[in-house]
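Dropping run-v3.cif in here (mmCIF, C-alpha atoms):
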data_upload
loop_
_atom_site.group_PDB
_atom_site.id
_atom_site.type_symbol
_atom_site.label_atom_id
_atom_site.label_comp_id
_atom_site.auth_asym_id
_atom_site.auth_seq_id
_atom_site.Cartn_x
_atom_site.Cartn_y
_atom_site.Cartn_z
ATOM 1 C CA MET T 233 -13.744 4.865 13.158
ATOM 2 C CA LEU T 234 -11.668 6.657 15.790
ATOM 3 C CA PRO T 235 -8.704 7.445 13.471
ATOM 4 C CA LEU T 236 -11.127 8.787 10.856
ATOM 5 C CA LEU T 237 -12.770 10.979 13.493
ATOM 6 C CA LEU T 238 -9.402 12.344 14.613
ATOM 7 C CA VAL T 239 -8.426 13.078 11.016
ATOM 8 C CA GLY T 240 -11.738 14.896 10.560
ATOM 9 C CA VAL T 241 -11.006 17.069 13.586
ATOM 10 C CA VAL T 242 -7.556 17.923 12.231
ATOM 11 C CA ALA T 243 -9.061 18.731 8.814
ATOM 12 C CA VAL T 244 -11.555 21.128 10.391
ATOM 13 C CA ARG T 245 -8.819 22.834 12.403
ATOM 14 C CA HIS T 246 -6.702 23.314 9.264
ATOM 15 C CA ARG T 247 -9.550 23.979 6.835
ATOM 16 C CA SER T 248 -7.907 27.156 5.517
ATOM 17 C CA VAL T 249 -4.860 25.174 4.352
ATOM 18 C CA LEU T 250 -7.144 22.551 2.789
ATOM 19 C CA ALA T 251 -9.141 25.251 0.982
ATOM 20 C CA GLU T 252 -5.936 26.772 -0.368
ATOM 21 C CA GLY T 253 -4.767 23.326 -1.441
ATOM 22 C CA PHE T 254 -7.987 22.706 -3.382
ATOM 23 C CA GLY T 255 -7.480 26.084 -5.059
ATOM 24 C CA HIS T 256 -4.029 24.997 -6.289
ATOM 25 C CA LEU T 257 -5.539 22.002 -8.111
ATOM 26 C CA ALA T 258 -6.839 24.329 -10.832
ATOM 27 C CA THR T 259 -3.229 25.199 -11.794
ATOM 28 C CA ALA T 260 -2.206 21.589 -12.507
ATOM 29 C CA ARG T 261 -0.433 20.850 -15.802
ATOM 30 C CA TRP T 262 -2.299 18.042 -17.557
ATOM 31 C CA PRO T 263 0.592 16.238 -19.337
ATOM 32 C CA TRP T 264 2.165 15.478 -15.962
ATOM 33 C CA LEU T 265 -1.188 14.319 -14.580
ATOM 34 C CA LEU T 266 -1.727 11.998 -17.560
ATOM 35 C CA ALA T 267 1.714 10.490 -16.989
ATOM 36 C CA ALA T 268 0.787 10.022 -13.320
ATOM 37 C CA ALA T 269 -2.434 8.253 -14.354
ATOM 38 C CA GLY T 270 -0.410 5.906 -16.570
ATOM 39 C CA ALA T 271 1.970 5.105 -13.711
ATOM 40 C CA THR T 272 -1.057 4.415 -11.490
ATOM 41 C CA CYS T 273 -2.300 1.801 -13.964
ATOM 42 C CA LEU T 274 1.116 0.135 -13.920
ATOM 43 C CA THR T 275 0.861 -0.323 -10.142
ATOM 44 C CA TRP T 276 -1.882 -2.920 -10.695
ATOM 45 C CA VAL T 277 0.388 -4.762 -13.125
ATOM 46 C CA ALA T 278 3.187 -4.744 -10.520
ATOM 47 C CA ALA T 279 0.786 -6.076 -7.866
ATOM 48 C CA ALA T 280 -0.341 -8.843 -10.221
ATOM 49 C CA CYS T 281 3.303 -9.821 -10.879
ATOM 50 C CA THR T 282 3.998 -10.029 -7.156
ATOM 51 C CA ARG T 283 0.874 -12.127 -6.551
ATOM 52 C CA GLN T 284 1.869 -14.526 -9.333
ATOM 53 C CA GLY T 285 5.400 -14.744 -7.977
ATOM 54 C CA ALA T 286 4.083 -15.872 -4.597
ATOM 55 C CA VAL T 287 2.649 -19.144 -5.979
ATOM 56 C CA VAL T 288 4.147 -21.898 -8.119
ATOM 57 C CA GLU T 289 1.012 -22.548 -10.171
ATOM 58 C CA ARG T 290 0.244 -20.263 -13.101
ATOM 59 C CA LEU T 291 -2.740 -18.049 -12.360
ATOM 60 C CA PRO T 292 -5.032 -16.797 -15.168
ATOM 61 C CA ARG T 293 -3.428 -13.497 -16.166
ATOM 62 C CA ARG T 294 -6.439 -11.410 -17.109
ATOM 63 C CA ARG T 295 -8.438 -12.502 -14.092
ATOM 64 C CA LEU T 296 -5.429 -11.898 -11.859
ATOM 65 C CA LEU T 297 -5.026 -8.349 -13.157
ATOM 66 C CA ALA T 298 -8.761 -7.659 -12.830
ATOM 67 C CA THR T 299 -8.653 -9.001 -9.280
ATOM 68 C CA GLN T 300 -5.898 -6.550 -8.322
ATOM 69 C CA PHE T 301 -7.976 -3.687 -9.681
ATOM 70 C CA ALA T 302 -11.039 -4.892 -7.764
ATOM 71 C CA ALA T 303 -9.000 -5.456 -4.604
ATOM 72 C CA GLY T 304 -8.295 -1.730 -4.463
ATOM 73 C CA ALA T 305 -12.000 -1.066 -3.933
ATOM 74 C CA ALA T 306 -12.331 -3.852 -1.350
ATOM 75 C CA ASN T 307 -9.361 -2.388 0.485
ATOM 76 C CA HIS T 308 -11.487 0.584 1.539
ATOM 77 C CA LEU T 309 -13.976 -1.577 3.421
ATOM 78 C CA LEU T 310 -11.570 -3.012 6.000
ATOM 79 C CA PRO T 311 -8.481 -1.608 7.745
ATOM 80 C CA THR T 312 -4.790 -2.392 7.118
ATOM 81 C CA GLY T 313 -5.214 -4.039 3.735
ATOM 82 C CA LEU T 314 -7.611 -6.754 4.924
ATOM 83 C CA GLY T 315 -10.049 -6.109 2.073
ATOM 84 C CA ALA T 316 -7.468 -6.706 -0.663
ATOM 85 C CA SER T 317 -6.116 -9.729 1.215
ATOM 86 C CA ALA T 318 -9.603 -11.254 1.444
ATOM 87 C CA VAL T 319 -10.223 -10.766 -2.291
ATOM 88 C CA ASN T 320 -6.899 -12.319 -3.268
ATOM 89 C CA LEU T 321 -7.301 -15.195 -0.817
ATOM 90 C CA ARG T 322 -10.696 -15.992 -2.308
ATOM 91 C CA PHE T 323 -9.292 -15.709 -5.860
ATOM 92 C CA MET T 324 -6.506 -18.207 -5.162
ATOM 93 C CA THR T 325 -8.855 -20.718 -3.533
ATOM 94 C CA VAL T 326 -11.252 -20.468 -6.505
ATOM 95 C CA CYS T 327 -8.241 -21.136 -8.766
ATOM 96 C CA GLY T 328 -7.780 -24.458 -6.953
ATOM 97 C CA LEU T 329 -5.119 -23.692 -4.346
ATOM 98 C CA PRO T 330 -5.807 -25.175 -0.891
ATOM 99 C CA LEU T 331 -6.632 -22.636 1.782
ATOM 100 C CA ALA T 332 -3.405 -23.306 3.694
ATOM 101 C CA ARG T 333 -1.255 -22.699 0.610
ATOM 102 C CA SER T 334 -3.292 -19.647 -0.386
ATOM 103 C CA SER T 335 -2.760 -18.170 3.076
ATOM 104 C CA ALA T 336 0.969 -18.930 2.859
ATOM 105 C CA ALA T 337 1.162 -17.239 -0.550
ATOM 106 C CA LEU T 338 -0.656 -14.222 0.855
ATOM 107 C CA ALA T 339 1.796 -14.009 3.758
ATOM 108 C CA LEU T 340 4.730 -14.278 1.334
ATOM 109 C CA TYR T 341 3.276 -11.446 -0.760
ATOM 110 C CA LEU T 342 2.837 -9.202 2.284
ATOM 111 C CA LEU T 343 6.381 -9.971 3.445
ATOM 112 C CA ALA T 344 7.848 -9.233 -0.001
ATOM 113 C CA GLU T 345 5.866 -5.989 -0.308
ATOM 114 C CA SER T 346 7.033 -4.788 3.116
ATOM 115 C CA VAL T 347 10.657 -5.753 2.478
ATOM 116 C CA GLY T 348 10.586 -4.106 -0.949
ATOM 117 C CA ARG T 349 9.159 -0.864 0.438
ATOM 118 C CA LEU T 350 11.667 -0.711 3.300
ATOM 119 C CA ALA T 351 14.585 -1.643 1.021
ATOM 120 C CA LEU T 352 13.665 1.093 -1.431
ATOM 121 C CA LEU T 353 13.309 3.605 1.403
ATOM 122 C CA GLY T 354 16.705 2.597 2.805
ATOM 123 C CA ALA T 355 18.373 2.914 -0.602
ATOM 124 C CA LEU T 356 16.895 6.369 -1.180
ATOM 125 C CA LEU T 357 17.871 7.539 2.290
ATOM 126 C CA ILE T 358 21.451 6.504 1.532
ATOM 127 C CA ALA T 359 21.310 8.311 -1.829
ATOM 128 C CA PHE T 360 19.607 11.404 -0.380
ATOM 129 C CA PRO T 361 20.650 11.599 3.288
ATOM 130 C CA GLY T 362 19.211 15.085 3.772
ATOM 131 C CA ALA T 363 15.888 14.388 2.088
ATOM 132 C CA LEU T 364 13.800 14.292 5.239
ATOM 133 C CA ARG T 365 13.905 15.918 8.628
ATOM 134 C CA LEU T 366 12.741 13.084 10.829
ATOM 135 C CA GLY T 367 12.252 15.402 13.793
ATOM 136 C CA ALA T 368 9.333 17.001 11.965
ATOM 137 C CA LEU T 369 7.751 13.617 11.331
ATOM 138 C CA LEU T 370 8.303 12.171 14.797
ATOM 139 C CA PRO T 371 7.880 14.606 17.688
ATOM 140 C CA ASP T 372 9.784 13.855 20.875
ATOM 141 C CA ALA T 373 6.534 13.242 22.743
ATOM 142 C CA ALA T 374 5.660 10.397 20.356
ATOM 143 C CA VAL T 375 8.887 8.432 20.841
ATOM 144 C CA GLY T 376 7.937 7.007 24.239
ATOM 145 C CA PRO T 377 4.444 5.731 23.258
ATOM 146 C CA LEU T 378 5.795 4.201 20.033
ATOM 147 C CA LEU T 379 8.556 2.370 21.884
ATOM 148 C CA THR T 380 6.035 1.165 24.457
ATOM 149 C CA VAL T 381 3.727 -0.209 21.767
ATOM 150 C CA ALA T 382 6.646 -1.773 19.880
ATOM 151 C CA GLY T 383 7.717 -3.569 23.046
ATOM 152 C CA ALA T 384 4.213 -4.558 24.157
ATOM 153 C CA VAL T 385 3.188 -6.265 20.900
ATOM 154 C CA PRO T 386 5.832 -9.050 20.939
ATOM 155 C CA VAL T 387 5.325 -9.549 24.691
ATOM 156 C CA ALA T 388 1.563 -9.954 24.215
ATOM 157 C CA ALA T 389 2.152 -12.364 21.323
ATOM 158 C CA ALA T 390 4.558 -14.443 23.417
ATOM 159 C CA VAL T 391 2.079 -14.617 26.314
ATOM 160 C CA ALA T 392 -0.734 -15.678 23.982
ATOM 161 C CA LEU T 393 1.404 -18.441 22.487
ATOM 162 C CA ALA T 394 2.452 -19.633 25.930
ATOM 163 C CA LEU T 395 -1.121 -19.810 27.239
ATOM 164 C CA LEU T 396 -2.823 -21.212 24.129
ATOM 165 C CA PRO T 397 -1.308 -24.520 22.944
ATOM 166 C CA ARG T 398 -3.830 -24.849 20.090
ATOM 167 C CA LEU T 399 -2.697 -21.464 18.800
ATOM 168 C CA ARG T 400 0.932 -22.653 18.944
ATOM 169 C CA GLY T 401 0.041 -25.732 16.938
ATOM 170 C CA ALA T 402 -1.847 -23.737 14.319
ATOM 171 C CA LEU T 403 1.006 -21.248 14.025
ATOM 172 C CA ALA T 404 3.606 -24.014 13.701
ATOM 173 C CA SER T 405 1.559 -25.702 10.968
ATOM 174 C CA PHE T 406 1.138 -22.427 9.109
ATOM 175 C CA LEU T 407 4.866 -21.654 9.315
ATOM 176 C CA ARG T 408 5.742 -25.094 7.919
ATOM 177 C CA THR T 409 3.388 -24.524 4.995
ATOM 178 C CA ALA T 410 4.665 -20.986 4.418
ATOM 179 C CA LEU T 411 8.322 -22.039 4.464
ATOM 180 C CA GLY T 412 7.612 -24.880 2.072
ATOM 181 C CA GLU T 413 5.778 -22.522 -0.276
ATOM 182 C CA ALA T 414 8.630 -19.999 -0.117
ATOM 183 C CA ARG T 415 11.197 -22.697 -0.965
ATOM 184 C CA SER T 416 9.102 -23.898 -3.915
ATOM 185 C CA VAL T 417 8.726 -20.366 -5.269
ATOM 186 C CA HIS T 418 12.415 -19.510 -4.956
ATOM 187 C CA ALA T 419 13.363 -22.781 -6.650
ATOM 188 C CA ARG T 420 11.886 -21.281 -9.838
ATOM 189 C CA PRO T 421 13.835 -18.170 -10.948
ATOM 190 C CA ALA T 422 10.897 -16.776 -12.940
ATOM 191 C CA ARG T 423 8.642 -16.839 -9.887
ATOM 192 C CA ALA T 424 11.296 -15.319 -7.620
ATOM 193 C CA LEU T 425 11.915 -12.553 -10.156
ATOM 194 C CA ALA T 426 8.180 -11.799 -10.403
ATOM 195 C CA LEU T 427 7.827 -11.787 -6.610
ATOM 196 C CA TRP T 428 10.717 -9.487 -5.735
ATOM 197 C CA GLY T 429 10.660 -7.448 -8.943
ATOM 198 C CA GLY T 430 6.987 -6.654 -8.424
ATOM 199 C CA ALA T 431 7.550 -5.949 -4.725
ATOM 200 C CA LEU T 432 10.134 -3.303 -5.644
ATOM 201 C CA ALA T 433 8.257 -1.957 -8.660
ATOM 202 C CA PHE T 434 4.994 -1.354 -6.794
ATOM 203 C CA PRO T 435 6.246 1.245 -4.266
ATOM 204 C CA ALA T 436 8.592 2.715 -6.897
ATOM 205 C CA LEU T 437 5.642 3.299 -9.239
ATOM 206 C CA GLN T 438 3.537 4.791 -6.453
ATOM 207 C CA ALA T 439 6.388 7.124 -5.531
ATOM 208 C CA SER T 440 6.726 8.109 -9.194
ATOM 209 C CA VAL T 441 3.015 8.987 -9.261
ATOM 210 C CA LEU T 442 3.581 11.395 -6.378
ATOM 211 C CA VAL T 443 6.632 12.875 -8.138
ATOM 212 C CA LEU T 444 4.655 13.399 -11.370
ATOM 213 C CA VAL T 445 1.764 15.009 -9.487
ATOM 214 C CA GLY T 446 4.269 17.235 -7.712
ATOM 215 C CA ARG T 447 5.664 18.335 -11.067
ATOM 216 C CA ALA T 448 2.137 18.979 -12.330
ATOM 217 C CA LEU T 449 1.462 21.340 -9.438
ATOM 218 C CA GLY T 450 4.889 22.964 -9.344
ATOM 219 C CA LEU T 451 6.027 21.604 -5.981
ATOM 220 C CA GLU T 452 9.597 22.848 -5.514
ATOM 221 C CA VAL T 453 10.986 19.644 -3.972
ATOM 222 C CA PRO T 454 13.560 17.386 -5.720
ATOM 223 C CA ALA T 455 12.151 14.156 -7.133
ATOM 224 C CA GLY T 456 14.320 11.974 -4.900
ATOM 225 C CA HIS T 457 13.183 13.858 -1.831
ATOM 226 C CA MET T 458 9.519 13.449 -2.810
ATOM 227 C CA ALA T 459 10.044 9.696 -3.238
ATOM 228 C CA VAL T 460 11.627 9.488 0.223
ATOM 229 C CA ALA T 461 8.730 11.506 1.659
ATOM 230 C CA TYR T 462 6.201 9.124 0.101
ATOM 231 C CA LEU T 463 7.886 5.952 1.342
ATOM 232 C CA ALA T 464 8.461 7.340 4.841
ATOM 233 C CA ALA T 465 4.857 8.574 5.054
ATOM 234 C CA THR T 466 3.325 5.258 3.954
ATOM 235 C CA VAL T 467 5.476 3.324 6.420
ATOM 236 C CA ALA T 468 4.361 5.693 9.208
ATOM 237 C CA ALA T 469 0.702 5.592 8.099
ATOM 238 C CA ALA T 470 0.710 1.785 8.293
ATOM 239 C CA LEU T 471 0.730 2.184 12.094
ATOM 240 C CA VAL T 472 -2.776 3.730 11.923
ATOM 241 C CA PRO T 473 -5.233 1.009 10.784
ATOM 242 C CA THR T 474 -7.758 3.055 8.787
ATOM 243 C CA PRO T 475 -9.543 1.490 5.779
ATOM 244 C CA GLY T 476 -7.348 2.042 2.722
ATOM 245 C CA GLY T 477 -5.184 4.387 4.769
ATOM 246 C CA ILE T 478 -7.867 7.068 4.398
ATOM 247 C CA GLY T 479 -6.877 10.067 6.455
ATOM 248 C CA SER T 480 -3.679 8.619 7.875
ATOM 249 C CA VAL T 481 -1.880 8.506 4.508
ATOM 250 C CA GLU T 482 -3.007 12.026 3.589
ATOM 251 C CA ALA T 483 -1.891 13.466 6.917
ATOM 252 C CA ALA T 484 1.457 11.658 6.878
ATOM 253 C CA LEU T 485 2.146 12.644 3.262
ATOM 254 C CA VAL T 486 1.466 16.335 3.868
ATOM 255 C CA VAL T 487 3.741 16.322 6.916
ATOM 256 C CA ALA T 488 6.447 14.439 4.991
ATOM 257 C CA LEU T 489 6.347 16.798 2.003
ATOM 258 C CA VAL T 490 6.476 19.851 4.258
ATOM 259 C CA ALA T 491 9.388 18.247 6.126
ATOM 260 C CA ALA T 492 11.088 17.751 2.748
ATOM 261 C CA GLY T 493 10.851 21.498 2.123
ATOM 262 C CA GLY T 494 7.530 22.022 0.333
ATOM 263 C CA PRO T 495 5.040 24.825 1.139
ATOM 264 C CA ALA T 496 2.079 23.555 3.145
ATOM 265 C CA ALA T 497 -0.616 24.658 0.681
ATOM 266 C CA VAL T 498 1.115 23.213 -2.391
ATOM 267 C CA ALA T 499 1.985 20.006 -0.515
ATOM 268 C CA THR T 500 -1.684 19.669 0.450
ATOM 269 C CA ALA T 501 -2.757 20.126 -3.183
ATOM 270 C CA VAL T 502 -0.237 17.484 -4.316
ATOM 271 C CA VAL T 503 -1.503 14.983 -1.755
ATOM 272 C CA LEU T 504 -5.133 15.652 -2.673
ATOM 273 C CA ALA T 505 -4.419 15.122 -6.384
ATOM 274 C CA PHE T 506 -2.294 12.049 -5.656
ATOM 275 C CA ARG T 507 -5.035 10.393 -3.622
ATOM 276 C CA LEU T 508 -7.641 11.410 -6.191
ATOM 277 C CA LEU T 509 -5.686 9.572 -8.909
ATOM 278 C CA THR T 510 -4.716 6.515 -6.897
ATOM 279 C CA VAL T 511 -7.788 6.028 -4.685
ATOM 280 C CA TRP T 512 -10.936 7.974 -5.468
ATOM 281 C CA LEU T 513 -11.126 7.882 -9.273
ATOM 282 C CA PRO T 514 -10.533 4.075 -9.471
ATOM 283 C CA LEU T 515 -12.917 3.409 -6.568
ATOM 284 C CA LEU T 516 -16.227 3.206 -8.487
ATOM 285 C CA PRO T 517 -14.929 1.187 -11.484
ATOM 286 C CA GLY T 518 -13.038 -1.009 -9.019
ATOM 287 C CA ALA T 519 -16.241 -1.663 -7.064
ATOM 288 C CA LEU T 520 -18.107 -2.500 -10.290
ATOM 289 C CA THR T 521 -15.292 -4.859 -11.304
ATOM 290 C CA LEU T 522 -15.447 -6.482 -7.875
ATOM 291 C CA ALA T 523 -19.203 -7.046 -8.219
ATOM 292 C CA ALA T 524 -18.733 -8.497 -11.733
ATOM 293 C CA LEU T 525 -16.003 -10.875 -10.538
ATOM 294 C CA VAL T 526 -18.264 -12.040 -7.706
ATOM 295 C CA ARG T 527 -21.130 -12.674 -10.133
ATOM 296 C CA MET T 528 -18.781 -14.577 -12.472
ATOM 297 C CA ARG T 529 -17.509 -16.592 -9.477
ATOM 298 C CA VAL T 530 -13.946 -15.558 -10.138
ATOM 299 C CA ILE T 531 -13.790 -14.661 -6.447
#
Using structure tokens, write down the structure from this file.
Amino acid sequence: MLPLLLVGVVAVRHRSVLAEGFGHLATARWPWLLAAAGATCLTWVAAACTRQGAVVERLPRRRLLATQFAAGAANHLLPTGLGASAVNLRFMTVCGLPLARSSAALALYLLAESVGRLALLGALLIAFPGALRLGALLPDAAVGPLLTVAGAVPVAAAVALALLPRLRGALASFLRTALGEARSVHARPARALALWGGALAFPALQASVLVLVGRALGLEVPAGHMAVAYLAATVAAALVPTPGGIGSVEAALVVALVAAGGPAAVATAVVLAFRLLTVWLPLLPGALTLAALVRMRVI
């Protein structure tokens, strides 16, 4: 709750910019917004492809796609993607996969999604080296705390493993299962293509949604620069574990778009419309789908 509270304080302090951003929404051009809505729907297809690519067995396609749609609603109940992970873990176990293999497939999916997002960001930064002023995104005062946290996490993990032999054994067993699952998946070209193709397509489609919304609202930032801003903002927002990235993603995206050269009010309007399309409009139907899948014992 603390990150949400901090975001609320920032929103109150900058309420005039938010009000101006909401005012810009009335000027949106609908053809671009409809294209953005179509790209949003394709993100669930990309997620389903990646989930299928993480397991050798064939999963039921329609139920898999419906589960990805429902997982979006569950993702807003728990921080850092735990809601979607829980839904997909339950779906795979109901489909007959043992819990250990389902967990390994989930870990492989998360790894592929992270690698795909970072690879796409790296490629775009090479193509558009001046797309983002990192100094605006990362103040000098934040460098020290971030480095401290980055160094403390592996040290704490190493100490925990050293002091808890049962944890070491569980981790070793999980890694053996995960490596075996990864080898089995990559031994089948179709599964490997679905895994890595979907992992690249998902962030690319989300970035394209932001670009289309930017065009709808007349944001004067090149498309490549907007894509870089989106990827950089979502990577930065992942450090703040709010449910569904609520608050942290919005704040990081506004800062990234302004750093890319967009006016603050228009950038705010773009982010509001982007999150409306990708999060808030699908939330209620996603929750209803989740409840129906639970009743049907699909998850």
Check the smallest atom-to-atom distance from each of T:Ala410, T:Gln438, T:His418, T:Ala363 to T:Gly494 using only C-alpha atoms, then report the winner. T:Ala363
Interatomic distance between atom CA of T:Pro263 and atom CA of T:Val486? 23.2 Å
For this file, the PyMOL selection byres ((chain T and resi 302) around 8) selects which residues, as an MDAnalysis selection string? chainID T and resid 298:301 303:306 518:522
If we draw a sphere of 6 Å around (-1.3, 14.6, 2.2), which residues have at least one atom in it when counting all atoms listed in the file? Please report them as a ChimeraX atom specification. /T:482-483,485-486,500,503
Let me know the residues the PyMOL selection byres ((chain T and resi 277) around 12) catches in the file above, as a ChimeraX atom specification. /T:270-276,278-284,293-301,426,429-431,433-434,437
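Taking atom CA of T:Ala258 and atom CA of T:Thr466 as endpoints, the distance between them is 26.2 Å.
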Spatial neighbours of T:Thr259, max dist 9 Å, all atoms listed in the file, sep filter under 5 positions, as a ChimeraX atom specification: /T:448-450
Writing out the chosen residues with C-alpha atoms as a CSV table (one decimal), in the frame of the given file:
chain,number,residue,atom,x,y,z
T,448,ALA,CA,2.1,19.0,-12.3
T,449,LEU,CA,1.5,21.3,-9.4
T,450,GLY,CA,4.9,23.0,-9.3
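Evaluated against the shown file, the PyMOL selection byres ((chain T and resi 490-493) around 7) gives Ala363, Leu364, Arg365, Ala368, Val453, His457, Ala461, Val486, Val487, Ala488, Leu489, Gly494, Pro495, Ala496 and Ala499 of chain T.
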Which residue is closest to T:Leu509? Choose from T:Val467, T:Ala414, T:Leu444, T:Met528 and count only C-alpha atoms.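 Comparing T:Val467, T:Ala414, T:Leu444, T:Met528 against T:Leu509, the winner is T:Leu444.
A straight line drawn from atom CA of T:Glu345 to atom CA of T:Ala468 is 15.1 Å long.
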Can you tell me, as AutoDock Vina command-line options, the centre and edge lengths (Å, one decimal) of the axis-aligned box enclosing all of stretch 260-266 of chain T's listed atoms after padding each side by 3 Å?
--center_x -0.1 --center_y 16.8 --center_z -15.9 --size_x 10.5 --size_y 15.6 --size_z 12.8
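Proximity of T:Leu342, T:Leu350, T:Val502, T:Ala389 to T:Gly285, computed with all atoms listed in the file, is greatest for T:Leu342.
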Could you please fill out stretch 507-514 of chain T with all heavy atoms and send it back as a short mmCIF file (atom, residue, chain, number, x, y, z; two decimals), in the coordinates of the input?
data_model
loop_
_atom_site.label_atom_id
_atom_site.label_comp_id
_atom_site.auth_asym_id
_atom_site.auth_seq_id
_atom_site.Cartn_x
_atom_site.Cartn_y
_atom_site.Cartn_z
N ARG T 507 -4.03 11.33 -4.12
CA ARG T 507 -5.04 10.39 -3.62
C ARG T 507 -6.25 10.32 -4.55
O ARG T 507 -6.90 9.27 -4.65
CB ARG T 507 -5.45 10.80 -2.21
CG ARG T 507 -4.36 10.66 -1.19
CD ARG T 507 -3.99 9.22 -0.93
NE ARG T 507 -4.88 8.61 0.04
CZ ARG T 507 -4.84 7.33 0.39
NH1 ARG T 507 -3.95 6.52 -0.17
NH2 ARG T 507 -5.68 6.84 1.29
N LEU T 508 -6.55 11.43 -5.22
CA LEU T 508 -7.64 11.41 -6.19
C LEU T 508 -7.33 10.43 -7.32
O LEU T 508 -8.18 9.63 -7.73
CB LEU T 508 -7.86 12.81 -6.75
CG LEU T 508 -9.07 13.00 -7.68
CD1 LEU T 508 -10.36 12.83 -6.92
CD2 LEU T 508 -9.02 14.38 -8.34
N LEU T 509 -6.09 10.46 -7.82
CA LEU T 509 -5.69 9.57 -8.91
C LEU T 509 -5.59 8.11 -8.47
O LEU T 509 -6.00 7.21 -9.21
CB LEU T 509 -4.34 10.01 -9.48
CG LEU T 509 -4.33 11.14 -10.49
CD1 LEU T 509 -2.90 11.52 -10.85
CD2 LEU T 509 -5.09 10.73 -11.75
N THR T 510 -5.03 7.89 -7.31
CA THR T 510 -4.72 6.52 -6.90
C THR T 510 -5.83 5.83 -6.11
O THR T 510 -5.85 4.60 -6.02
CB THR T 510 -3.43 6.48 -6.04
OG1 THR T 510 -3.59 7.35 -4.90
CG2 THR T 510 -2.24 6.97 -6.85
N VAL T 511 -6.76 6.62 -5.54
CA VAL T 511 -7.79 6.03 -4.68
C VAL T 511 -9.20 6.33 -5.19
O VAL T 511 -9.98 5.42 -5.49
CB VAL T 511 -7.63 6.51 -3.23
CG1 VAL T 511 -8.79 5.99 -2.37
CG2 VAL T 511 -6.31 6.04 -2.65
N TRP T 512 -9.54 7.62 -5.30
CA TRP T 512 -10.94 7.97 -5.47
C TRP T 512 -11.44 7.76 -6.89
O TRP T 512 -12.57 7.27 -7.06
CB TRP T 512 -11.16 9.42 -5.03
CG TRP T 512 -10.82 9.60 -3.57
CD1 TRP T 512 -9.79 10.33 -3.04
CD2 TRP T 512 -11.48 9.00 -2.46
NE1 TRP T 512 -9.77 10.22 -1.68
CE2 TRP T 512 -10.80 9.41 -1.29
CE3 TRP T 512 -12.58 8.16 -2.33
CZ2 TRP T 512 -11.19 9.00 -0.02
CZ3 TRP T 512 -12.98 7.75 -1.06
CH2 TRP T 512 -12.29 8.17 0.07
N LEU T 513 -10.66 8.11 -7.90
CA LEU T 513 -11.13 7.88 -9.27
C LEU T 513 -11.28 6.39 -9.60
O LEU T 513 -12.25 6.00 -10.25
CB LEU T 513 -10.18 8.56 -10.27
CG LEU T 513 -10.28 10.09 -10.34
CD1 LEU T 513 -9.30 10.64 -11.37
CD2 LEU T 513 -11.70 10.53 -10.68
N PRO T 514 -10.35 5.51 -9.18
CA PRO T 514 -10.53 4.08 -9.47
C PRO T 514 -11.55 3.38 -8.57
O PRO T 514 -11.85 2.21 -8.80
CB PRO T 514 -9.13 3.48 -9.23
CG PRO T 514 -8.19 4.62 -9.14
CD PRO T 514 -9.00 5.76 -8.62
#
